[in-house]
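K.L.:
Below is the structure I would like to discuss, written out as structure tokens.
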Amino acid sequence: MHVTNILNGTALLQLSCDHQSNKKTQKLQTPVRITAFNFPPFMTLSTSLTFGGYAGQVYSIFDTNFNLSLEVISCKQKNYGVLINGSWTGMIGDLTKGVSISYQTDIAFGLVISRKRSDVVKSSSQIYPIQMEIIYRTSNERKWNYTFYLRPCNVEMWLCIFAISLIIILVKVLENYVLRRKHFGSCLTSFTNELLLCWPIVLQGSLIHFSLTSMKFFFGIYIVFSMLLLISYNSILTSLLATRSIKIPFSSLQEMIEKSDFKPVITKGNKMEEIFMNSPYENTTVLKVRSREDAIEEVYNGKYGYVTTLLSVQNLIRKNCSFAVAPQFISREAATVAYSKQFEYVDFFNCKILLLRQCGILSIQFKRFFPGLEKCLDNPFRPISFGQIIGPLIIIIAGISTAVLFGVIELIAFKFEI
């Protein structure tokens, strides 16, 4: 095995397998039939049967460097293939002389081999990894009620704050009862009033009336503690209000089916169609569509989870922030080159594919066509809107209005008494 040159970032290989004779290589001059359909960026197929994409780039290496003659056959059903009523559809059907064409093809690119598929076709080693996931449309921002304003502190913290404040009030009441010799009933009334009022403000107003310096120091520390706690609370609450929080409707396929109102959607002829034919998902309601574009359209307009690989749709969703991926993937599979059972040169192609993997050519081409999902342009930080603080504002306005109303009633009553 040796590399002859690298031109414009494309490695041109001249590879040889010692166990492959020159006579066998010469026989490969006869056209090798490839079944394919337009499924970018995995593979592209124009009306003139020009083969491109990742698969086309890999096959071009065979065509130009291994002295092969390749013939591309368009898969009429435009899918990978599934077993229906005893007959295989799609590219699997083409390899098994199925319903798509009247004659058999030799090779199909990018097939995930399941148990049923392995019974009718042969396969190579992995040419690229795939991960089956669930893609769904993100819902509106998480709805929250007025308990949202308790979120800056956990339950234990709120209990500690209440206990500290209650101790401070009890000390103040006992100070009035012991040092100032007030009646116990008046102390009880004072305790009730201070318990219902804003404690730090009440203490700050009566701080100068304490006779003992130690008490002033004691309550002064509490006031400083209250102010620092208030600043911390406001900061955390502001960050919670200003940070976008998205509700995750489900974490896995099973949770989507059993605990959410989302329904799975799959493309016809995909390996995932076999999963929903078997236990435990055979009775699951599944929406089947013909293309990825139709699936993305259904996900965007309704409550559906598209069961597929992120690689297959990243060129469609790009920077669209409306879509998200479920936290738990369904499975990890290996995409392979599938061969007809009657294809004579499986060992030859497997040897060349293995050499391409060892040289890193497959991974280089894969990164070229699948650079990764682009980052979402949505800004996770947002300004606080008036609607988010309307609840506390209404409470304050209602309290002021109530105070004004009682004030007017008291003035009227005082006027009539006079």
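Every chain in the structure tokens takes a letter, A first, then B, and so on in the order presented; its residues are numbered from 1, and the ligands are numbered from 1 following the presented order.
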Any idea what's packed within 12 Å of Arg33 of chain A, counting only C-alpha atoms, ignoring anything in its chain fewer than 3 positions away? Could you give it as a list in words?
P.N.:
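The filter keeps Leu28, Gln29, Thr30, Ala36, Tyr59, Leu68, Ser69, Leu70, Glu71, Val72, Ile73, Ser74, Cys75, Met91, Asp94, Leu95, Tyr103, Gln104, Thr105, Asp106, Ile107, Ala108, Phe109, Tyr339, Ser340 and Phe343 of chain A.
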K.L.:
Could you tell me, as a list in words, which residues of segment 80-169 of chain A DSSP assigns to strand (DSSP E or B) when given the backbone?
P.N.:
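Taking segment 80-169 of chain A and keeping strand (DSSP E or B) gives Leu83, Ile84, Ser87, Trp88, Ile107, Ala108, Phe109, Gly110, Leu111, Val112, Val121, Lys122, Ser123, Tyr128, Pro129, Ile130, Gln131, Met132, Glu133, Ile134, Ile135, Tyr136, Arg137 and Glu141 of chain A.
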K.L.:
Filtering to N, CA and C atoms, could you give me those residues as a compact mmCIF listing (two decimals), in the first residue's frame?
P.N.:
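Below is the file that was written, again-v7.txt:
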# COMPACT_ATOMS: atom_id res chain seq x y z
N LEU A 83 -38.73 -4.72 4.43
CA LEU A 83 -39.44 -5.94 4.02
C LEU A 83 -40.94 -5.75 4.19
N ILE A 84 -41.68 -5.80 3.09
CA ILE A 84 -43.14 -5.64 3.12
C ILE A 84 -43.77 -6.79 2.34
N SER A 87 -41.46 -9.09 0.35
CA SER A 87 -40.60 -8.52 -0.70
C SER A 87 -39.88 -7.30 -0.17
N TRP A 88 -38.64 -7.14 -0.58
CA TRP A 88 -37.84 -6.00 -0.16
C TRP A 88 -38.04 -4.83 -1.11
N ILE A 107 -24.09 -3.24 -5.66
CA ILE A 107 -23.61 -2.50 -4.48
C ILE A 107 -24.61 -1.42 -4.10
N ALA A 108 -24.74 -1.18 -2.82
CA ALA A 108 -25.51 -0.05 -2.27
C ALA A 108 -24.69 0.58 -1.16
N PHE A 109 -24.71 1.89 -1.09
CA PHE A 109 -23.85 2.62 -0.16
C PHE A 109 -24.66 3.12 1.04
N GLY A 110 -24.06 3.04 2.24
CA GLY A 110 -24.61 3.68 3.42
C GLY A 110 -25.74 2.95 4.10
N LEU A 111 -25.82 1.63 3.92
CA LEU A 111 -26.90 0.86 4.54
C LEU A 111 -26.52 0.42 5.95
N VAL A 112 -27.46 0.52 6.86
CA VAL A 112 -27.31 -0.04 8.20
C VAL A 112 -27.86 -1.46 8.15
N VAL A 121 -28.41 -9.79 2.15
CA VAL A 121 -27.27 -9.09 1.54
C VAL A 121 -26.03 -9.31 2.39
N LYS A 122 -24.88 -9.06 1.79
CA LYS A 122 -23.60 -9.05 2.50
C LYS A 122 -23.23 -7.60 2.76
N SER A 123 -22.24 -7.38 3.63
CA SER A 123 -21.88 -6.01 3.97
C SER A 123 -20.39 -5.89 4.24
N TYR A 128 -18.83 4.76 8.05
CA TYR A 128 -19.00 5.91 8.93
C TYR A 128 -20.02 5.56 10.01
N PRO A 129 -19.90 6.16 11.18
CA PRO A 129 -20.83 5.85 12.28
C PRO A 129 -22.07 6.73 12.20
N ILE A 130 -23.17 6.20 12.65
CA ILE A 130 -24.40 7.00 12.75
C ILE A 130 -25.03 6.76 14.11
N GLN A 131 -25.83 7.72 14.53
CA GLN A 131 -26.51 7.64 15.83
C GLN A 131 -27.97 8.01 15.62
N MET A 132 -28.87 7.08 15.94
CA MET A 132 -30.30 7.32 15.77
C MET A 132 -30.80 8.16 16.94
N GLU A 133 -31.46 9.26 16.61
CA GLU A 133 -31.93 10.20 17.63
C GLU A 133 -33.34 10.65 17.33
N ILE A 134 -33.89 11.44 18.22
CA ILE A 134 -35.24 12.00 18.05
C ILE A 134 -35.12 13.51 17.94
N ILE A 135 -35.59 14.03 16.84
CA ILE A 135 -35.55 15.48 16.60
C ILE A 135 -36.97 16.02 16.71
N TYR A 136 -37.14 17.04 17.51
CA TYR A 136 -38.46 17.61 17.73
C TYR A 136 -38.36 19.14 17.71
N ARG A 137 -39.51 19.76 17.62
CA ARG A 137 -39.55 21.23 17.66
C ARG A 137 -39.66 21.68 19.11
N GLU A 141 -41.36 28.95 25.67
CA GLU A 141 -40.60 29.01 26.91
C GLU A 141 -41.43 28.49 28.08
K.L.:
To one decimal place in Å, what is the distance between atom CA of Thr308 of chain A and atom CA of Asn38 of chain A?
P.N.:
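Straight-line distance from atom CA of Thr308 of chain A to atom CA of Asn38 of chain A works out to 17.0 Å.
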K.L.:
Pick the closest to Gly305 of chain A from A:Asn154, A:Thr138, A:Asn278, A:Thr238: which is it, counting only C-alpha atoms?
P.N.:
A:Thr138
K.L.:
Between A:Tyr222, A:Tyr149, A:Tyr281, A:Phe66, which residue has the minimum interatomic distance to Ile168 of chain A, considering only C-alpha atoms?
P.N.:
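The answer is A:Tyr222, which sits nearest to Ile168 of chain A.
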K.L.:
Which residue gives the smallest distance to Ile231 of chain A among A:Pro152, A:Gly86, A:Pro41, A:Gly360, with only C-alpha atoms counted?
P.N.:
A:Pro152
K.L.:
Kindly provide the residues of segment 46-151 of chain A that approach segment 261-269 of chain A to within 7 Å, each paired with its closest atom pair and their distance in Å to one decimal, based on only C-alpha atoms, listed by chain and increasing number, as a Markdown table.
P.N.:
| residue | atom | partner | partner_atom | distance |
| --- | --- | --- | --- | --- |
| A:Asn79 | CA | A:Gly269 | CA | 5.1 |
| A:Tyr80 | CA | A:Gly269 | CA | 5.3 |
| A:Gly81 | CA | A:Gly269 | CA | 4.3 |
| A:Val82 | CA | A:Gly269 | CA | 5.0 |
| A:Gly90 | CA | A:Gly269 | CA | 6.6 |
K.L.:
Write out as a PyMOL selection string the residues lying within 12 Å of Asn315 of chain A, counting only C-alpha atoms and excluding same-chain residues fewer than 5 positions away.
P.N.:
chain A and resi 39-42+292-293+296+309-310+320+369-374
K.L.:
Those residues with C-alpha atoms, as a short mmCIF file (atom, residue, chain, number, x, y, z; two decimals), in the first residue's frame please?
P.N.:
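Printed below is selection-v8.cif as written:
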data_model
loop_
_atom_site.label_atom_id
_atom_site.label_comp_id
_atom_site.auth_asym_id
_atom_site.auth_seq_id
_atom_site.Cartn_x
_atom_site.Cartn_y
_atom_site.Cartn_z
CA PHE A 39 -30.11 11.81 -0.58
CA PRO A 40 -27.68 14.69 0.04
CA PRO A 41 -25.13 15.01 1.49
CA PHE A 42 -24.74 11.21 1.78
CA ARG A 292 -36.84 14.01 5.09
CA GLU A 293 -38.35 17.31 3.98
CA ILE A 296 -39.22 18.10 9.05
CA THR A 309 -29.87 10.59 12.43
CA LEU A 310 -28.81 14.17 12.98
CA ASN A 320 -32.76 26.92 12.85
CA PHE A 369 -19.36 16.52 3.71
CA PHE A 370 -20.47 16.49 7.38
CA PRO A 371 -18.69 19.39 9.09
CA GLY A 372 -21.13 19.35 12.00
CA LEU A 373 -24.33 21.15 12.93
CA GLU A 374 -24.05 24.93 12.83
#
K.L.:
What separation in Å, quoted to one decimal, exists between atom CA of Tyr304 of chain A and atom CA of Ile330 of chain A?
P.N.:
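It comes out at 15.8 Å.
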K.L.:
So which one's closest to Ile236 of chain A, A:Ala403, A:Cys153, A:Ile161, A:Val313? Using only C-alpha atoms, please.
P.N.:
A:Cys153
